[in-house]
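Reading through the structure tokens given below for one structure.
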Amino acid sequence: MKVQDIDINETSRLDIDIMEIPSSCVIVICDGKAKIRELPPHGEYKIVTHQGKVKRMRKEEGEEF
């Protein structure tokens, strides 16, 4: 799953239907924008910030040996 934007309605509320999102995911909110990303089955997911703002979201996947 790629990063998806989530709409924040006009009352600044975040409405999410939990039946529509992956069972294991992360939601990141910064500067009035929200994004959702499915977590990998094995690996790391890094959220890089700069001056208090989200700069990038990066994943590193792996598999059991």
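All residue names refer to the structure tokens as shown: chains lettered A, B, ... in order, residues numbered from 1 in each chain, ligands numbered from 1 in order.
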
Selection: 8 Å around Val48 (chain A), only C-alpha atoms, excl. self and same-chain fewer than 6 positions, as a PyMOL selection string:
chain A and resi 54-58

Store the residues of this selection in a file with C-alpha atoms, as a JSON list (two decimals), in the first residue's frame.
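Written file, selection_27.json:
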[["chain", "number", "residue", "atom", "x", "y", "z"],
["A", 54, "VAL", "CA", 7.37, 15.54, 9.15],
["A", 55, "LYS", "CA", 9.89, 15.57, 6.32],
["A", 56, "ARG", "CA", 9.64, 11.99, 5.01],
["A", 57, "MET", "CA", 8.28, 8.55, 5.80],
["A", 58, "ARG", "CA", 10.54, 5.65, 4.91]]

Quick check, in Å to one decimal: how far apart do CA of Thr49 (chain A) and CA of Ser23 (chain A) lie?
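Atom-to-atom, CA of Thr49 (chain A) and CA of Ser23 (chain A) are spaced 25.2 Å apart.
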
Running DSSP on the backbone, which parts of chain A land in strand (DSSP E or B), as a PyMOL selection string?
chain A and resi 4-6+8+14+25-30+33-38+43-50+53-61

Could you give me, as a list in words, the residues within 8 Å of Ile27 (chain A), counting only C-alpha atoms and dropping anything in the same chain fewer than 2 positions from it?
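Contacts, with the query itself left out: Cys25, Ile29, Ala34, Lys35, Ile36 and Arg37 of chain A.
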
Can those selected residues be exported to a file as a JSON list (two decimals), in the first residue's frame so that it contains N, CA and C atoms?
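Final file, part11.json:
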[["chain", "number", "residue", "atom", "x", "y", "z"],
["A", 25, "CYS", "N", -1.52, -0.37, 10.57],
["A", 25, "CYS", "CA", -1.13, 0.82, 9.82],
["A", 25, "CYS", "C", -0.73, 1.94, 10.78],
["A", 29, "ILE", "N", -0.03, 12.86, 11.25],
["A", 29, "ILE", "CA", -0.68, 14.16, 11.06],
["A", 29, "ILE", "C", 0.36, 15.25, 11.24],
["A", 34, "ALA", "N", -3.14, 14.73, 6.88],
["A", 34, "ALA", "CA", -3.04, 13.40, 7.47],
["A", 34, "ALA", "C", -2.75, 12.40, 6.37],
["A", 35, "LYS", "N", -1.87, 11.45, 6.66],
["A", 35, "LYS", "CA", -1.53, 10.39, 5.72],
["A", 35, "LYS", "C", -1.56, 9.06, 6.44],
["A", 36, "ILE", "N", -1.93, 8.01, 5.72],
["A", 36, "ILE", "CA", -2.00, 6.68, 6.29],
["A", 36, "ILE", "C", -1.08, 5.76, 5.49],
["A", 37, "ARG", "N", -0.42, 4.85, 6.18],
["A", 37, "ARG", "CA", 0.49, 3.91, 5.52],
["A", 37, "ARG", "C", 0.38, 2.55, 6.19]]

For Gly32 (chain A), the closest of A:Tyr45, A:Ser12, A:Glu63, A:Asp17 counting only C-alpha atoms is A:Ser12

Could you list, as a compact mmCIF listing (two decimals) with all heavy atoms, in the first residue's frame, every residue within 12 Å of region 59-62 of chain A, counting only C-alpha atoms and ignoring same-chain residues fewer than 3 positions away?
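Final output, result_38.txt:
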# COMPACT_ATOMS: atom_id res chain seq x y z
N MET A 1 0.84 -1.17 0.00
CA MET A 1 0.00 0.00 0.00
C MET A 1 0.89 1.24 0.00
O MET A 1 1.81 1.36 0.77
CB MET A 1 -0.91 0.01 1.23
CG MET A 1 -1.64 1.30 1.42
SD MET A 1 -2.56 1.36 2.95
CE MET A 1 -4.19 1.47 2.30
N LYS A 2 0.60 2.15 -0.86
CA LYS A 2 1.30 3.43 -0.91
C LYS A 2 0.75 4.34 0.18
O LYS A 2 -0.25 4.05 0.81
CB LYS A 2 1.07 4.09 -2.28
CG LYS A 2 1.56 3.27 -3.43
CD LYS A 2 2.95 3.64 -3.76
CE LYS A 2 3.36 2.87 -5.00
NZ LYS A 2 4.72 2.91 -5.25
N VAL A 3 1.39 5.47 0.36
CA VAL A 3 0.89 6.46 1.30
C VAL A 3 -0.39 7.06 0.71
O VAL A 3 -0.44 7.40 -0.46
CB VAL A 3 1.93 7.58 1.52
CG1 VAL A 3 1.38 8.68 2.39
CG2 VAL A 3 3.20 7.00 2.13
N VAL A 26 -0.19 3.00 10.21
CA VAL A 26 0.17 4.18 10.98
C VAL A 26 -0.48 5.39 10.31
O VAL A 26 -0.58 5.45 9.08
CB VAL A 26 1.72 4.34 11.06
CG1 VAL A 26 2.33 4.55 9.71
CG2 VAL A 26 2.12 5.44 12.00
N ARG A 37 -0.42 4.85 6.18
CA ARG A 37 0.49 3.91 5.52
C ARG A 37 0.38 2.55 6.19
O ARG A 37 0.41 2.46 7.41
CB ARG A 37 1.92 4.44 5.63
CG ARG A 37 2.98 3.54 5.05
CD ARG A 37 2.87 3.52 3.53
NE ARG A 37 3.78 2.59 2.95
CZ ARG A 37 4.91 2.91 2.34
NH1 ARG A 37 5.27 4.16 2.25
NH2 ARG A 37 5.67 1.99 1.83
N GLU A 38 0.25 1.50 5.38
CA GLU A 38 0.22 0.14 5.92
C GLU A 38 1.62 -0.24 6.37
O GLU A 38 2.61 0.07 5.71
CB GLU A 38 -0.26 -0.83 4.85
CG GLU A 38 -0.44 -2.23 5.35
CD GLU A 38 -1.06 -3.15 4.33
OE1 GLU A 38 -1.24 -2.73 3.16
OE2 GLU A 38 -1.37 -4.29 4.69
N LEU A 39 1.72 -0.90 7.52
CA LEU A 39 3.01 -1.31 8.05
C LEU A 39 3.46 -2.61 7.37
O LEU A 39 2.64 -3.48 7.08
CB LEU A 39 2.93 -1.51 9.56
CG LEU A 39 2.63 -0.24 10.34
CD1 LEU A 39 2.41 -0.60 11.81
CD2 LEU A 39 3.75 0.76 10.20
N PRO A 40 4.78 -2.74 7.11
CA PRO A 40 5.26 -3.97 6.47
C PRO A 40 5.20 -5.15 7.44
O PRO A 40 5.28 -4.96 8.66
CB PRO A 40 6.71 -3.62 6.10
CG PRO A 40 7.12 -2.56 7.06
CD PRO A 40 5.87 -1.79 7.37
N PRO A 41 5.09 -6.38 6.93
CA PRO A 41 5.03 -7.55 7.81
C PRO A 41 6.32 -7.74 8.61
O PRO A 41 6.28 -8.18 9.75
CB PRO A 41 4.78 -8.72 6.87
CG PRO A 41 4.91 -8.22 5.49
CD PRO A 41 4.94 -6.73 5.53
N HIS A 42 7.45 -7.43 8.02
CA HIS A 42 8.74 -7.49 8.70
C HIS A 42 9.52 -6.26 8.27
O HIS A 42 9.61 -5.96 7.09
CB HIS A 42 9.55 -8.73 8.29
CG HIS A 42 8.86 -10.01 8.58
ND1 HIS A 42 8.81 -10.55 9.84
CD2 HIS A 42 8.16 -10.85 7.78
CE1 HIS A 42 8.13 -11.68 9.80
NE2 HIS A 42 7.72 -11.88 8.56
N GLY A 43 10.09 -5.56 9.21
CA GLY A 43 10.91 -4.41 8.85
C GLY A 43 10.70 -3.24 9.78
O GLY A 43 10.13 -3.36 10.85
N GLU A 44 11.19 -2.10 9.32
CA GLU A 44 11.10 -0.87 10.10
C GLU A 44 10.40 0.20 9.28
O GLU A 44 10.50 0.22 8.05
CB GLU A 44 12.51 -0.35 10.44
CG GLU A 44 13.31 -1.26 11.32
CD GLU A 44 14.70 -0.72 11.61
OE1 GLU A 44 15.03 0.38 11.14
OE2 GLU A 44 15.44 -1.41 12.30
N TYR A 45 9.72 1.06 9.97
CA TYR A 45 9.06 2.20 9.33
C TYR A 45 9.54 3.44 10.07
O TYR A 45 9.32 3.56 11.27
CB TYR A 45 7.55 2.04 9.41
CG TYR A 45 6.84 3.01 8.51
CD1 TYR A 45 6.87 2.84 7.14
CD2 TYR A 45 6.18 4.09 9.03
CE1 TYR A 45 6.24 3.73 6.31
CE2 TYR A 45 5.55 4.98 8.21
CZ TYR A 45 5.58 4.80 6.85
OH TYR A 45 4.96 5.69 6.03
N LYS A 46 10.21 4.32 9.38
CA LYS A 46 10.80 5.50 10.02
C LYS A 46 10.07 6.76 9.58
O LYS A 46 9.77 6.94 8.41
CB LYS A 46 12.28 5.62 9.65
CG LYS A 46 13.10 4.46 10.16
CD LYS A 46 14.55 4.63 9.79
CE LYS A 46 15.33 3.41 10.28
NZ LYS A 46 16.74 3.53 9.98
N ILE A 47 9.81 7.61 10.55
CA ILE A 47 9.23 8.92 10.29
C ILE A 47 10.32 9.94 10.62
O ILE A 47 10.75 10.06 11.76
CB ILE A 47 7.97 9.16 11.14
CG1 ILE A 47 6.93 8.10 10.79
CG2 ILE A 47 7.43 10.56 10.91
CD1 ILE A 47 5.75 8.06 11.71
N VAL A 48 10.79 10.63 9.59
CA VAL A 48 11.88 11.58 9.73
C VAL A 48 11.29 12.98 9.87
O VAL A 48 10.45 13.39 9.07
CB VAL A 48 12.83 11.52 8.51
CG1 VAL A 48 13.97 12.50 8.66
CG2 VAL A 48 13.36 10.10 8.32
N ARG A 56 9.82 13.16 5.86
CA ARG A 56 9.64 11.99 5.01
C ARG A 56 9.24 10.79 5.84
O ARG A 56 9.50 10.74 7.03
CB ARG A 56 10.87 11.73 4.16
CG ARG A 56 11.93 10.88 4.74
CD ARG A 56 13.09 10.65 3.79
NE ARG A 56 13.66 11.84 3.22
CZ ARG A 56 14.68 12.52 3.75
NH1 ARG A 56 15.24 12.10 4.85
NH2 ARG A 56 15.13 13.60 3.18
N PHE A 65 15.00 -15.30 7.85
CA PHE A 65 15.93 -16.20 7.17
C PHE A 65 15.77 -17.60 7.70
O PHE A 65 15.55 -17.84 8.83
CB PHE A 65 17.35 -15.71 7.39
CG PHE A 65 18.37 -16.53 6.66
CD1 PHE A 65 18.48 -16.46 5.28
CD2 PHE A 65 19.21 -17.38 7.34
CE1 PHE A 65 19.41 -17.20 4.61
CE2 PHE A 65 20.15 -18.14 6.66
CZ PHE A 65 20.24 -18.05 5.30

Excluding same-chain residues fewer than 6 positions from Asp7 (chain A), what lies within 8 Å of it counting only C-alpha atoms, as an MDAnalysis selection string?
chainID A and resid 14:15 33:34

Go ahead and compute the interatomic distance for CA of Lys53 (chain A) and CA of Glu10 (chain A), in Å to one decimal.
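Computed distance, CA of Lys53 (chain A) to CA of Glu10 (chain A), equals 22.2 Å.
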
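Taking CA of Ser24 (chain A) and CA of Gln51 (chain A) as the two end points, the separation is 28.1 Å.
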